[in-house]
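Below: one structure, written as structure tokens.
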Amino acid sequence: MPAANSTLATQQAFRILLQALSHPGEIYPWSPSDPGQGLPLMLQTLLDHEVSFAVIGPESDATAALVRDLTGSRLSAVPAADFIIVTRGRSQGGILAAKRGTLEYPDQGATVIYLVESLDREGQAGLWVKLQGPGVNREMRAMITGLAADEILDLQKINQEFPLGVDSFFLDRAGQVMGLPRSSLLEVQ
Amino acid sequence: MRLNAWLQDHRRVKKSRDYNFAFINEAAKREIRRKILKAVAIPGYQVPFASPELPVARGWGTGGLQLTLSLIGPEDILKVIDQGCDGSVNAVNIKKFVGQVTGVSTTTDTRQATIIQTRHRIPEEAMTRDQILVLQVPFPEALRTVEPSEAETRRMHGEADYSQMWLYLYEDIVKYGEISIGARYPVTVNGRYIMDPSPIPRWDIPKLHLAETLFLFGAGREKRIYAIPPHTRVEPLEFEDEKFRVEDFPGQACQRCGSSATFLDEIIDEASGARTYLCSDTSHCDKILAQQEEKEVRSCK
Ligand SMILES: [Zn+2]
């Protein structure tokens with residue numbers, strides 16, 4: 001897995017994450033040559049010993065071990081975590097405990113990484129999400145498969161008192177990524 | 001580009017140089033990158049960051065440089081301008097430094113650049129969604145004029161309590177008959193935060209509104225990063241009956257390219273006192289001139 005350790009791989013990964021968060025709802029190819037490297041690359045780009053993380057969902061122990069080994073980040077409880085990884089697109093309300101920051105320091109709100117089945121522009125199987133707000137030209141629609149509808153409703157609740165809130169990335173099995181900053185107005189369709 | 005190709009590039013770069021790619025160490029870059037993402041997610045909010053040391057004095061564009069170095073990769077094409085000019089000593093030095101620590105190619109053409117670092121101007125040519133404009137910021141706090149305390153301005157931003165700022169503008173109008181602020185004209189971002197757009201002229205303020213491009217602001221001395229994402233509302237502070245307006249140059253045009261639709265620098269001849277005007281954006285001026293089938297390259301004013 002040498003690529004994920006590369007200075008230039010994380011630089012390139014960061015630019016994709018920056019594009020994704022600047023254009024909410026757009027789907028960006030991430031690591032199509034090796035989709036399995038999506039999460040490790042993302043972790044190495046953003047996490048280290050300066051920040052803490054939590055994992056919600058099945059296989060949380062294995063995921064936590066991966067995060068610790070790759071990044072040296074500290075495992076913590078959800079309410080204290082800077083990064084939260086939701087392994088199967090369903091936190092069952094767990095995400096409601098995430099840090100939302102304070103009015104003086106809203107940037108202390110958590111970043112949530114949702115691992116989902118797929119991100120698409122068309123199809124029927126998944127959940128249609130409509131987005132508006134900064135970064136979006138009028139409106140964007142994206143279909144997320146493998147994300148519980150409750151998660152979007154919970155994110156709506158968490159982000160309804162802007163500037164407080166959490167910022168999310170969705171990472172799918174094909175190695176695509178989508179950003180969802182707290183500034184986005186969300187609707188499930 | 002494939003990761004393997006990236007890796008090969010990396011090895012080649014590493015072999016020929018004995019410092020970090022893009023100078024700043026990876027841990028410091030990671031911190032800046034996390035803060036950039038938060039800045040994008042909360043448009044107009046100033047995110048504190050631990051500004052790492054650079055081989056240039058603070059106040060000489062360190063904030064912009066820290067952003068550029070955290071963004072840049074071997075594929076990027078960099079343009080640096082100072083007050084609109086690619087050829088100024090400051091811009092050339094920054095470009096040289098980034099070139100040395102990254103090996104990226106540079107350009108003066110706004111359309112060709114993927115990253116543009118700038119002080120005091122936004123290029124005249126419209127930028128695209130694939131480009132990033134990095135602005136150097138000397139004074140990030142728009143409310144500092146009305147409130148000296150950092151704790152208090154932070155509270156004011158937190159509660160969107162901007163009454164003091166509005167009072168200041170009102171008193172300005174009473175005193176001068178109009179809002180007298182030239183550069184650093186305060187704006188409201190996404191209907192929420194009042195933000196200092198850095199010392200760009202009022203001329204450049206409308207370019208921030210619902211733009212295609214991501215704008216990143218870096219203040220090295222005060223250790224703040226903030227952002228305006230694309231397609232974000234950016235409104236200059238104004239009253240119903242006292243509207244914001246950009247500078248105008250009635251009847252004037254650039255003496256060199258003849259443009260009357262660009263921001264002009266006034267040049268006063270010391271001996272005769274005569275006033276002439278030149279485009280502030282030198283590469284744009286060059287382009288217009290080239291279109292007129294001339295080829296000389298302009299030097300800074
Ligand atoms: Zn001109």
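Chain identifiers are assigned as A, B, and so on, following the order in which chains appear in the structure tokens; residues are numbered from 1 within each chain, and ligands are numbered from 1 in order of appearance.
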For ligand 1, collect every residue having any atom at a distance of at most 9 Å from a ligand atom (counting only C-alpha atoms and all ligand atoms); output as a PyMOL selection string. chain B and resi 253-260+262+264+277-289
Selection from above, N, CA, C and O atoms, as a PDB file, in the first residue's frame, can you write it?
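Final file, out-v7.pdb:
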```pdb
ATOM      1  N   ALA B 253      -9.133  55.942 -19.683  1.00  0.00           N
ATOM      2  CA  ALA B 253      -8.839  54.624 -20.246  1.00  0.00           C
ATOM      3  C   ALA B 253      -7.361  54.336 -20.039  1.00  0.00           C
ATOM      4  O   ALA B 253      -6.568  55.257 -19.814  1.00  0.00           O
ATOM      5  N   CYS B 254      -7.011  53.069 -20.114  1.00  0.00           N
ATOM      6  CA  CYS B 254      -5.601  52.677 -19.975  1.00  0.00           C
ATOM      7  C   CYS B 254      -4.802  53.286 -21.122  1.00  0.00           C
ATOM      8  O   CYS B 254      -5.153  53.116 -22.288  1.00  0.00           O
ATOM      9  N   GLN B 255      -3.722  53.978 -20.745  1.00  0.00           N
ATOM     10  CA  GLN B 255      -2.933  54.662 -21.761  1.00  0.00           C
ATOM     11  C   GLN B 255      -2.250  53.669 -22.705  1.00  0.00           C
ATOM     12  O   GLN B 255      -1.911  53.993 -23.825  1.00  0.00           O
ATOM     13  N   ARG B 256      -2.090  52.445 -22.199  1.00  0.00           N
ATOM     14  CA  ARG B 256      -1.343  51.457 -22.964  1.00  0.00           C
ATOM     15  C   ARG B 256      -2.238  50.639 -23.885  1.00  0.00           C
ATOM     16  O   ARG B 256      -1.990  50.534 -25.077  1.00  0.00           O
ATOM     17  N   CYS B 257      -3.327  50.044 -23.313  1.00  0.00           N
ATOM     18  CA  CYS B 257      -4.162  49.149 -24.124  1.00  0.00           C
ATOM     19  C   CYS B 257      -5.493  49.795 -24.508  1.00  0.00           C
ATOM     20  O   CYS B 257      -6.248  49.242 -25.294  1.00  0.00           O
ATOM     21  N   GLY B 258      -5.783  50.930 -23.901  1.00  0.00           N
ATOM     22  CA  GLY B 258      -6.994  51.649 -24.269  1.00  0.00           C
ATOM     23  C   GLY B 258      -8.249  51.189 -23.562  1.00  0.00           C
ATOM     24  O   GLY B 258      -9.343  51.699 -23.811  1.00  0.00           O
ATOM     25  N   SER B 259      -8.103  50.216 -22.633  1.00  0.00           N
ATOM     26  CA  SER B 259      -9.285  49.669 -21.973  1.00  0.00           C
ATOM     27  C   SER B 259      -9.903  50.675 -20.998  1.00  0.00           C
ATOM     28  O   SER B 259      -9.193  51.342 -20.244  1.00  0.00           O
ATOM     29  N   SER B 260     -11.229  50.769 -21.023  1.00  0.00           N
ATOM     30  CA  SER B 260     -11.921  51.594 -20.037  1.00  0.00           C
ATOM     31  C   SER B 260     -12.786  50.713 -19.151  1.00  0.00           C
ATOM     32  O   SER B 260     -13.574  51.201 -18.356  1.00  0.00           O
ATOM     33  N   THR B 262     -11.492  48.212 -17.122  1.00  0.00           N
ATOM     34  CA  THR B 262     -10.657  47.539 -16.126  1.00  0.00           C
ATOM     35  C   THR B 262     -10.375  48.504 -14.974  1.00  0.00           C
ATOM     36  O   THR B 262     -10.601  49.707 -15.088  1.00  0.00           O
ATOM     37  N   LEU B 264      -8.149  50.817 -13.000  1.00  0.00           N
ATOM     38  CA  LEU B 264      -6.998  51.582 -13.473  1.00  0.00           C
ATOM     39  C   LEU B 264      -6.168  52.137 -12.318  1.00  0.00           C
ATOM     40  O   LEU B 264      -6.715  52.547 -11.292  1.00  0.00           O
ATOM     41  N   TYR B 277      -3.397  56.993 -16.822  1.00  0.00           N
ATOM     42  CA  TYR B 277      -3.972  55.781 -16.242  1.00  0.00           C
ATOM     43  C   TYR B 277      -3.448  54.533 -16.942  1.00  0.00           C
ATOM     44  O   TYR B 277      -3.239  54.545 -18.151  1.00  0.00           O
ATOM     45  N   LEU B 278      -3.219  53.481 -16.124  1.00  0.00           N
ATOM     46  CA  LEU B 278      -2.789  52.190 -16.668  1.00  0.00           C
ATOM     47  C   LEU B 278      -3.595  51.086 -15.977  1.00  0.00           C
ATOM     48  O   LEU B 278      -3.946  51.208 -14.797  1.00  0.00           O
ATOM     49  N   CYS B 279      -3.872  49.999 -16.724  1.00  0.00           N
ATOM     50  CA  CYS B 279      -4.524  48.841 -16.106  1.00  0.00           C
ATOM     51  C   CYS B 279      -3.718  48.395 -14.884  1.00  0.00           C
ATOM     52  O   CYS B 279      -2.497  48.302 -14.946  1.00  0.00           O
ATOM     53  N   SER B 280      -4.409  48.057 -13.797  1.00  0.00           N
ATOM     54  CA  SER B 280      -3.721  47.494 -12.636  1.00  0.00           C
ATOM     55  C   SER B 280      -3.347  46.033 -12.907  1.00  0.00           C
ATOM     56  O   SER B 280      -2.311  45.552 -12.466  1.00  0.00           O
ATOM     57  N   ASP B 281      -4.179  45.319 -13.636  1.00  0.00           N
ATOM     58  CA  ASP B 281      -3.926  43.909 -13.984  1.00  0.00           C
ATOM     59  C   ASP B 281      -3.028  43.866 -15.222  1.00  0.00           C
ATOM     60  O   ASP B 281      -3.496  44.012 -16.353  1.00  0.00           O
ATOM     61  N   THR B 282      -1.722  43.663 -14.993  1.00  0.00           N
ATOM     62  CA  THR B 282      -0.771  43.807 -16.099  1.00  0.00           C
ATOM     63  C   THR B 282      -0.881  42.706 -17.154  1.00  0.00           C
ATOM     64  O   THR B 282      -0.723  42.962 -18.340  1.00  0.00           O
ATOM     65  N   SER B 283      -1.174  41.462 -16.716  1.00  0.00           N
ATOM     66  CA  SER B 283      -1.216  40.385 -17.718  1.00  0.00           C
ATOM     67  C   SER B 283      -2.457  40.528 -18.599  1.00  0.00           C
ATOM     68  O   SER B 283      -2.442  40.198 -19.783  1.00  0.00           O
ATOM     69  N   HIS B 284      -3.543  41.033 -17.997  1.00  0.00           N
ATOM     70  CA  HIS B 284      -4.745  41.284 -18.794  1.00  0.00           C
ATOM     71  C   HIS B 284      -4.483  42.403 -19.807  1.00  0.00           C
ATOM     72  O   HIS B 284      -4.896  42.319 -20.963  1.00  0.00           O
ATOM     73  N   CYS B 285      -3.774  43.416 -19.352  1.00  0.00           N
ATOM     74  CA  CYS B 285      -3.393  44.538 -20.218  1.00  0.00           C
ATOM     75  C   CYS B 285      -2.554  44.007 -21.392  1.00  0.00           C
ATOM     76  O   CYS B 285      -2.785  44.360 -22.546  1.00  0.00           O
ATOM     77  N   ASP B 286      -1.589  43.113 -21.068  1.00  0.00           N
ATOM     78  CA  ASP B 286      -0.770  42.490 -22.117  1.00  0.00           C
ATOM     79  C   ASP B 286      -1.632  41.767 -23.142  1.00  0.00           C
ATOM     80  O   ASP B 286      -1.389  41.820 -24.337  1.00  0.00           O
ATOM     81  N   LYS B 287      -2.640  41.045 -22.627  1.00  0.00           N
ATOM     82  CA  LYS B 287      -3.505  40.263 -23.520  1.00  0.00           C
ATOM     83  C   LYS B 287      -4.276  41.156 -24.480  1.00  0.00           C
ATOM     84  O   LYS B 287      -4.378  40.871 -25.669  1.00  0.00           O
ATOM     85  N   ILE B 288      -4.839  42.228 -23.925  1.00  0.00           N
ATOM     86  CA  ILE B 288      -5.611  43.145 -24.780  1.00  0.00           C
ATOM     87  C   ILE B 288      -4.691  43.736 -25.848  1.00  0.00           C
ATOM     88  O   ILE B 288      -5.046  43.823 -27.017  1.00  0.00           O
ATOM     89  N   LEU B 289      -3.501  44.057 -25.372  1.00  0.00           N
ATOM     90  CA  LEU B 289      -2.530  44.650 -26.290  1.00  0.00           C
ATOM     91  C   LEU B 289      -2.119  43.647 -27.373  1.00  0.00           C
ATOM     92  O   LEU B 289      -2.002  43.996 -28.546  1.00  0.00           O
TER      93      LEU B 289
END
```
Find the residues near Pro236 (chain B): any atom within 10 Å, counting only C-alpha atoms, skip ones fewer than 2 places away on the same chain, and give them as a list of chain:residue names.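 The filter keeps B:Tyr185, B:Pro186, B:Val187, B:Thr188, B:Val189, B:Ile194, B:Met195, B:Pro197, B:Arg202, B:Ile205, B:Pro206, B:His209, B:Val234, B:Glu238, B:Phe239, B:Lys243, B:Phe244, B:Arg245.
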Region 43-202 of chain B: residues DSSP assigns to strand (DSSP E), reported as an NGL selection string: :B and (47-48 or 77-82 or 105-106 or 115-119 or 132-136 or 187-189 or 193-195)
Prev. selection, C-alpha atoms, output as a short mmCIF file (atom, residue, chain, number, x, y, z; two decimals), in the first residue's frame:
```cif
data_model
loop_
_atom_site.label_atom_id
_atom_site.label_comp_id
_atom_site.auth_asym_id
_atom_site.auth_seq_id
_atom_site.Cartn_x
_atom_site.Cartn_y
_atom_site.Cartn_z
CA VAL B 47 -10.69 29.44 11.36
CA PRO B 48 -7.67 29.69 13.69
CA ILE B 77 0.39 25.78 -12.76
CA LEU B 78 0.99 28.74 -10.47
CA LYS B 79 0.45 32.44 -11.05
CA VAL B 80 1.39 35.03 -8.42
CA ILE B 81 0.42 38.68 -8.55
CA ASP B 82 1.01 41.66 -6.31
CA SER B 105 5.51 25.47 -13.68
CA THR B 106 4.37 29.06 -13.48
CA ILE B 115 -3.74 28.24 -8.48
CA ILE B 116 -3.38 32.01 -8.33
CA GLN B 117 -1.89 33.63 -5.24
CA THR B 118 -2.59 37.32 -5.00
CA ARG B 119 -2.17 40.41 -2.90
CA ILE B 132 -8.43 28.42 -6.82
CA LEU B 133 -7.65 32.02 -5.87
CA VAL B 134 -5.50 32.38 -2.74
CA LEU B 135 -5.61 35.85 -1.21
CA GLN B 136 -2.97 37.19 1.16
CA VAL B 187 -18.99 42.06 2.99
CA THR B 188 -21.61 39.66 4.31
CA VAL B 189 -20.99 36.07 3.25
CA TYR B 193 -20.69 36.38 8.57
CA ILE B 194 -19.26 39.85 8.03
CA MET B 195 -15.89 39.29 6.40
#
```
Considering only C-alpha atoms, return as a ChimeraX atom specification whatever protein or nucleic-acid residues lie within 7 Å of region 219-230 of chain B, sequence-local ones (same chain, fewer than 4 positions apart) excluded. /A:22,134-135 /B:36,39-40,43-51,58-59,62-64,136-138,140,210-215
Which residues, written as a PyMOL selection string, have at least one atom at most 12 Å from Ala54 (chain A), with only C-alpha atoms counted and residues fewer than 5 positions away on the same chain left out? chain A and resi 47+60-61+63-68+73-87+91+94-95+97-99+110-113
Residues of chain B within 8 Å of chain A, counting only C-alpha atoms, as a VMD selection string: chain B and resid 2 to 4 6 to 7 10 21 26 to 27 30 to 31 33 to 35 37 to 43 47 70 to 73 154 to 155 157 to 159 190 214 229 to 233
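Selecting helix (DSSP H, G or I) from the backbone DSSP output for region 173-214 of chain B yields B:Ile173, B:Val174, B:Lys175, B:Tyr176, B:Arg202, B:Trp203, B:Asp204, B:Ile205, B:Pro206, B:Lys207, B:Leu208.
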Report the distance between CA of Gln83 (chain B) and CA of Val98 (chain B) in Å, rounded to one decimal place.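 Going from CA of Gln83 (chain B) over to CA of Val98 (chain B) covers 19.0 Å.
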